[in-house]
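Novice: Just one file: target.cif, with mmCIF, N, CA and C atoms.
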data_coords
#
loop_
_atom_site.label_atom_id
_atom_site.label_comp_id
_atom_site.auth_asym_id
_atom_site.auth_seq_id
_atom_site.Cartn_x
_atom_site.Cartn_y
_atom_site.Cartn_z
N MET A 1 11.82 -7.54 5.50
CA MET A 1 10.80 -8.09 4.62
C MET A 1 10.63 -7.12 3.44
N ARG A 2 10.49 -7.70 2.26
CA ARG A 2 10.25 -6.87 1.08
C ARG A 2 8.91 -6.16 1.20
N ILE A 3 8.83 -4.98 0.59
CA ILE A 3 7.62 -4.18 0.73
C ILE A 3 6.41 -4.86 0.09
N ASP A 4 6.59 -5.55 -1.02
CA ASP A 4 5.45 -6.20 -1.65
C ASP A 4 4.92 -7.35 -0.80
N GLU A 5 5.81 -8.06 -0.12
CA GLU A 5 5.38 -9.13 0.78
C GLU A 5 4.63 -8.54 1.98
N ALA A 6 5.17 -7.46 2.53
CA ALA A 6 4.53 -6.82 3.68
C ALA A 6 3.16 -6.27 3.30
N LEU A 7 3.07 -5.68 2.12
CA LEU A 7 1.78 -5.14 1.67
C LEU A 7 0.75 -6.25 1.49
N ARG A 8 1.18 -7.38 0.95
CA ARG A 8 0.28 -8.51 0.78
C ARG A 8 -0.26 -8.99 2.13
N ILE A 9 0.60 -9.10 3.12
CA ILE A 9 0.16 -9.52 4.45
C ILE A 9 -0.77 -8.49 5.06
N TYR A 10 -0.40 -7.23 4.95
CA TYR A 10 -1.21 -6.13 5.50
C TYR A 10 -2.61 -6.13 4.91
N LEU A 11 -2.69 -6.26 3.60
CA LEU A 11 -4.00 -6.20 2.93
C LEU A 11 -4.82 -7.47 3.10
N SER A 12 -4.18 -8.55 3.51
CA SER A 12 -4.93 -9.80 3.71
C SER A 12 -5.72 -9.79 5.02
N GLU A 13 -5.45 -8.82 5.87
CA GLU A 13 -6.07 -8.78 7.19
C GLU A 13 -7.43 -8.08 7.22
N PHE A 14 -7.78 -7.35 6.18
CA PHE A 14 -9.04 -6.61 6.16
C PHE A 14 -9.42 -6.31 4.72
N ARG A 15 -10.61 -5.81 4.54
CA ARG A 15 -11.08 -5.41 3.22
C ARG A 15 -10.93 -3.90 3.09
N LEU A 16 -10.37 -3.46 1.97
CA LEU A 16 -10.17 -2.03 1.77
C LEU A 16 -11.51 -1.31 1.66
N PRO A 17 -11.60 -0.13 2.25
CA PRO A 17 -12.82 0.66 2.10
C PRO A 17 -12.93 1.20 0.68
N GLY A 18 -14.08 1.67 0.31
CA GLY A 18 -14.29 2.18 -1.03
C GLY A 18 -13.90 3.64 -1.22
N GLU A 19 -13.63 4.35 -0.15
CA GLU A 19 -13.33 5.78 -0.24
C GLU A 19 -11.82 6.00 -0.37
N ALA A 20 -11.44 6.82 -1.34
CA ALA A 20 -10.02 7.09 -1.60
C ALA A 20 -9.29 7.70 -0.41
N PRO A 21 -9.90 8.66 0.34
CA PRO A 21 -9.16 9.23 1.48
C PRO A 21 -8.84 8.18 2.56
N LEU A 22 -9.73 7.24 2.76
CA LEU A 22 -9.46 6.19 3.75
C LEU A 22 -8.35 5.26 3.27
N ILE A 23 -8.37 4.93 1.99
CA ILE A 23 -7.31 4.08 1.44
C ILE A 23 -5.97 4.79 1.54
N SER A 24 -5.94 6.08 1.24
CA SER A 24 -4.70 6.86 1.34
C SER A 24 -4.18 6.87 2.77
N ALA A 25 -5.07 7.04 3.74
CA ALA A 25 -4.65 7.03 5.15
C ALA A 25 -4.07 5.68 5.54
N LEU A 26 -4.70 4.60 5.10
CA LEU A 26 -4.19 3.26 5.40
C LEU A 26 -2.82 3.03 4.78
N LEU A 27 -2.65 3.47 3.54
CA LEU A 27 -1.36 3.29 2.87
C LEU A 27 -0.27 4.17 3.47
N GLU A 28 -0.62 5.37 3.90
CA GLU A 28 0.37 6.21 4.57
C GLU A 28 0.83 5.57 5.88
N HIS A 29 -0.11 5.00 6.62
CA HIS A 29 0.24 4.31 7.86
C HIS A 29 1.12 3.10 7.56
N PHE A 30 0.75 2.32 6.56
CA PHE A 30 1.55 1.15 6.17
C PHE A 30 2.97 1.56 5.80
N ALA A 31 3.11 2.59 4.95
CA ALA A 31 4.43 3.02 4.50
C ALA A 31 5.28 3.50 5.67
N ALA A 32 4.69 4.26 6.58
CA ALA A 32 5.43 4.75 7.74
C ALA A 32 5.88 3.59 8.63
N HIS A 33 4.99 2.64 8.86
CA HIS A 33 5.33 1.49 9.70
C HIS A 33 6.41 0.63 9.03
N TRP A 34 6.30 0.39 7.74
CA TRP A 34 7.28 -0.43 7.04
C TRP A 34 8.65 0.23 7.09
N ARG A 35 8.68 1.56 6.93
CA ARG A 35 9.96 2.29 6.96
C ARG A 35 10.63 2.14 8.32
N VAL A 36 9.86 2.26 9.39
CA VAL A 36 10.43 2.15 10.74
C VAL A 36 10.90 0.72 11.01
N ARG A 37 10.08 -0.26 10.65
CA ARG A 37 10.43 -1.67 10.93
C ARG A 37 11.63 -2.14 10.12
N ASN A 38 11.91 -1.51 9.00
CA ASN A 38 13.03 -1.92 8.16
C ASN A 38 14.21 -0.98 8.26
N SER A 39 14.20 -0.10 9.26
CA SER A 39 15.32 0.81 9.56
C SER A 39 15.77 1.61 8.35
N ILE A 40 14.80 2.13 7.62
CA ILE A 40 15.13 2.99 6.49
C ILE A 40 15.36 4.39 7.05
N ASN A 41 16.57 4.92 6.87
CA ASN A 41 16.94 6.19 7.49
C ASN A 41 16.61 7.41 6.65
N PHE A 42 16.49 7.25 5.34
CA PHE A 42 16.24 8.42 4.51
C PHE A 42 14.74 8.51 4.19
N ASP A 43 14.34 9.68 3.77
CA ASP A 43 12.92 9.95 3.58
C ASP A 43 12.43 9.47 2.23
N ILE A 44 11.88 8.26 2.22
CA ILE A 44 11.29 7.72 1.00
C ILE A 44 9.83 7.38 1.24
N LEU A 45 9.26 8.02 2.25
CA LEU A 45 7.88 7.71 2.62
C LEU A 45 6.93 7.92 1.46
N SER A 46 7.08 9.00 0.72
CA SER A 46 6.17 9.25 -0.40
C SER A 46 6.36 8.20 -1.49
N LYS A 47 7.58 7.75 -1.71
CA LYS A 47 7.83 6.70 -2.71
C LYS A 47 7.19 5.39 -2.27
N LEU A 48 7.27 5.06 -1.00
CA LEU A 48 6.63 3.85 -0.48
C LEU A 48 5.12 3.93 -0.63
N PHE A 49 4.57 5.10 -0.34
CA PHE A 49 3.13 5.30 -0.47
C PHE A 49 2.69 5.09 -1.92
N TYR A 50 3.39 5.74 -2.86
CA TYR A 50 2.99 5.63 -4.26
C TYR A 50 3.21 4.23 -4.82
N PHE A 51 4.26 3.55 -4.37
CA PHE A 51 4.46 2.17 -4.81
C PHE A 51 3.31 1.30 -4.32
N SER A 52 2.94 1.44 -3.06
CA SER A 52 1.84 0.66 -2.50
C SER A 52 0.54 0.95 -3.23
N ARG A 53 0.29 2.21 -3.52
CA ARG A 53 -0.92 2.59 -4.24
C ARG A 53 -0.94 1.99 -5.64
N ASN A 54 0.20 2.02 -6.31
CA ASN A 54 0.28 1.47 -7.66
C ASN A 54 0.11 -0.04 -7.68
N VAL A 55 0.58 -0.72 -6.66
CA VAL A 55 0.36 -2.17 -6.58
C VAL A 55 -1.13 -2.46 -6.47
N ILE A 56 -1.83 -1.70 -5.64
CA ILE A 56 -3.27 -1.91 -5.48
C ILE A 56 -4.01 -1.60 -6.77
N ILE A 57 -3.66 -0.50 -7.44
CA ILE A 57 -4.32 -0.15 -8.69
C ILE A 57 -4.06 -1.20 -9.76
N SER A 58 -2.83 -1.69 -9.84
CA SER A 58 -2.51 -2.73 -10.82
C SER A 58 -3.32 -3.99 -10.55
N HIS A 59 -3.44 -4.35 -9.29
CA HIS A 59 -4.23 -5.52 -8.93
C HIS A 59 -5.69 -5.33 -9.34
N LEU A 60 -6.22 -4.15 -9.10
CA LEU A 60 -7.61 -3.87 -9.49
C LEU A 60 -7.79 -3.95 -11.01
N GLN A 61 -6.83 -3.45 -11.77
CA GLN A 61 -6.92 -3.49 -13.22
C GLN A 61 -6.90 -4.91 -13.74
N ILE A 62 -6.15 -5.77 -13.09
CA ILE A 62 -6.09 -7.17 -13.50
C ILE A 62 -7.35 -7.91 -13.10
N MET A 63 -7.80 -7.70 -11.87
CA MET A 63 -8.92 -8.47 -11.35
C MET A 63 -10.28 -7.94 -11.80
N MET A 64 -10.39 -6.64 -11.99
CA MET A 64 -11.68 -6.02 -12.37
C MET A 64 -11.44 -4.97 -13.46
N PRO A 65 -11.14 -5.39 -14.67
CA PRO A 65 -10.79 -4.41 -15.71
C PRO A 65 -11.91 -3.45 -16.08
N LEU A 66 -13.14 -3.80 -15.83
CA LEU A 66 -14.26 -2.92 -16.19
C LEU A 66 -14.47 -1.79 -15.18
N LEU A 67 -13.94 -1.93 -13.98
CA LEU A 67 -14.13 -0.93 -12.94
C LEU A 67 -13.11 0.19 -13.00
N VAL A 68 -11.94 -0.11 -13.50
CA VAL A 68 -10.85 0.88 -13.47
C VAL A 68 -10.71 1.53 -14.82
#
The structure in this file should be written as structure tokens.
Specialist:
Amino acid sequence: MRIDEALRIYLSEFRLPGEAPLISALLEHFAAHWRVRNSINFDILSKLFYFSRNVIISHLQIMMPLLV
């Protein structure tokens, strides 16, 4: 499954907390799980984390431009 599709499904199951450390922990868990489920052998965990974070930030900028 593509990472953007997986992230959409993951985020549809709950509401993100407002605290950055909690969001970071959730995204780190997501990235680690996605890497294992998709048999990615090389270490791109940080790239997956930052991609996921950037997708969320982009979504926030589009949906709530006054907050970001």
Novice: According to DSSP computed on the backbone, where in chain A is there helix (DSSP H, G or I)? Give the residues as number ranges by chain.
Specialist: A: 3-12, 20-37, 45-63
Novice: Determine the nearest neighbour of A:Asn38 from the options A:Ile23, A:Met1, A:Met64, A:Gly18, counting only N, CA and C atoms.
Specialist: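 Checking each candidate against A:Asn38, we get A:Met1 as the closest.
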Novice: Tell me which of A:Ile40, A:Leu22, A:Ala32, A:Leu27 sits closest to A:Arg53, counting all atoms listed in the file.
Specialist: A:Leu27
Novice: For the atom pair atom CA of A:Pro17 and atom C of A:Arg37, what is the interatomic distance in Å to one decimal place?
Specialist: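 Rounded to one decimal, the two atoms are 25.9 Å apart.
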